[in-house]
Structures are given as C-alpha cells and as structure tokens.
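Note sheet for the following structure.
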Amino acid sequence: EKPSLGGLDVADGKVTVAYTPSVDTVVRIRVYGPDGQEVPHYAKSLVVRDGSASWRIPFALSDAAGRWRVTATDVLTGETVAAFLEKSK
C-alpha cells in the first residue's frame, strides 16, 4: 500500500500530520494569515517518524485574529493537505 498523507490537524495552534500506513518522510508546513498571505517565518520542514509528527505554531500576541490556513506538503510526492484554525486575540 502506498503511503498517503492521511490527516492534518491544527487544534489550538498545534500542527499534527499523520500518514497511513506509517512512514518516515518530511513535510513542508506553510501558514497563511486571515488575509490569505503566507507568513514565511512560520514555515517549517517537519520530520515525520513512524507516520506522525507535531509542531506548535509560535503565534505572537500581535498576530491577527481570524481564520488561518495551514498546509502540509510531502516533499517527495507533492501531496498536499490543508486545515484551518480560528485564532483569537
């Protein structure tokens, strides 16, 4: 079975990626503000071990409140998933 980027969760600013079946790989995380613009200083390459990895977005108090979009792209396959989170002030 070919590994698939099966999930992206961004609850409370914690980014969690999951693969089915379990795999070791690297995903590129990108974060977009409520205005739709990428926030480059929150981009991160995340190492996935045994099918999952987590990382907390280090939001600043001055970051805008609203709906933020987070994407995870597998660097080997190009597969991308997206999720949204609501950031309050």
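Following the order of the structure tokens, chains are lettered A, B, ..., residues in each are numbered from 1, and ligands are numbered from 1.
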Each residue of range 9-38 of chain A lying at most 8 Å from range 66-74 of chain A should get a row with its shortest atom-to-atom pair and the distance in Å to one decimal, counting only C-alpha atoms; could you produce that, ordered by chain and increasing number, as CSV?
residue,atom,partner,partner_atom,distance
A:Val10,CA,A:Val70,CA,7.6
A:Val17,CA,A:Ala72,CA,7.7
A:Thr25,CA,A:Asp74,CA,7.5
A:Val26,CA,A:Asp74,CA,6.2
A:Val27,CA,A:Asp74,CA,4.4
A:Arg28,CA,A:Thr73,CA,5.1
A:Ile29,CA,A:Ala72,CA,4.6
A:Arg30,CA,A:Thr71,CA,5.2
A:Val31,CA,A:Val70,CA,4.6
A:Tyr32,CA,A:Arg69,CA,5.1
A:Gly33,CA,A:Trp68,CA,4.9
A:Pro34,CA,A:Arg67,CA,5.1
A:Gly36,CA,A:Arg69,CA,7.8
Residues at most 8 Å from Val23 in chain A, counting only C-alpha atoms, excluding those fewer than 2 positions away in the same chain, as JSON, numbers by chain? {"A": [3, 19, 20, 21, 25, 48, 49, 50, 51]}
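Excluding Val15 in chain A and any residue on its chain fewer than 2 positions from it, the residues at most 6 Å away by only C-alpha atoms are Asp9, Val10, Ser54, Trp55 and Arg56 of chain A.
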Shortest contact to Ser4 in chain A, candidates A:Ser45, A:Thr80, A:Ser62, A:Ser88, atoms counted only C-alpha atoms, goes to A:Thr80
Going by DSSP on the backbone, which bits of chain A are strand (DSSP E)? Write them as a PyMOL selection string, please. chain A and resi 4-9+14-20+25-32+44-48+52-56+66-74+80-87
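Relative to CA of Leu85 in chain A, CA of Glu38 in chain A is found at 14.5 Å.
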Compare A:Lys89, A:Leu46, A:Ser22, A:Ala83 by their minimum atom-to-atom distance to Ala60 in chain A, counting only C-alpha atoms, and give me the closest one. A:Lys89
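Between CA of His41 in chain A and CA of Gly78 in chain A there is a distance of 21.3 Å.
Of the residues in chain A, those given helix (DSSP H, G or I) by DSSP on the backbone are Ala11, Asp12, Gly13, Pro40, His41 and Tyr42 of chain A.
With only C-alpha atoms as the atoms that count, the residue of A:Glu86, A:Ser52, A:Ala64, A:Leu76 with the shortest distance to Gly7 in chain A is A:Ser52.
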